[in-house]
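Right, one structure below, let's go through it.
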Amino acid sequence: MTDLEVLQEIKTNLLAKIREISLNPKPNYSIDGQSVSHSTHFRDLMASLKEIDAQIASLEPVEIISQLYS
């Protein structure tokens, strides 16, 4: 499996988790002095997705089109 394939699989997993959270949102809460922040978890997943997208973009081939004028 190439690095690009691994990153694409990670992205697929992140998107599935983000979808699950958005379909079934949960509130933030505290129990016995311990806090659970679902909104922070969601933001962290979105940040991870952005990082993975940047890594994927750096590995994908790029086509550069240029023109020369004289």
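In the structure tokens, chains take letters A, B, ... by order of appearance, with residues numbered from 1 within each chain and ligands from 1 in the order shown.
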Which of chain A fall in strand (DSSP E), as a PyMOL selection string: chain A and resi 29-31+34-36
Taking only C-alpha atoms into account, name the residue in A:Val62, A:Ala57, A:Ile52, A:Asp32 that is nearest to Glu9 of chain A.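 Residue with the minimum atom-to-atom distance to Glu9 of chain A: A:Ile52.
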Gap from atom CA of Ile21 of chain A to atom CA of Leu45 of chain A - Å, one decimal: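 Value for the atom CA of Ile21 of chain A-atom CA of Leu45 of chain A distance: 10.1 Å.
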Grab the atom CA of Tyr29 of chain A to atom CA of His41 of chain A distance for me, in Å with one decimal place.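 These two atoms are separated by 12.7 Å.
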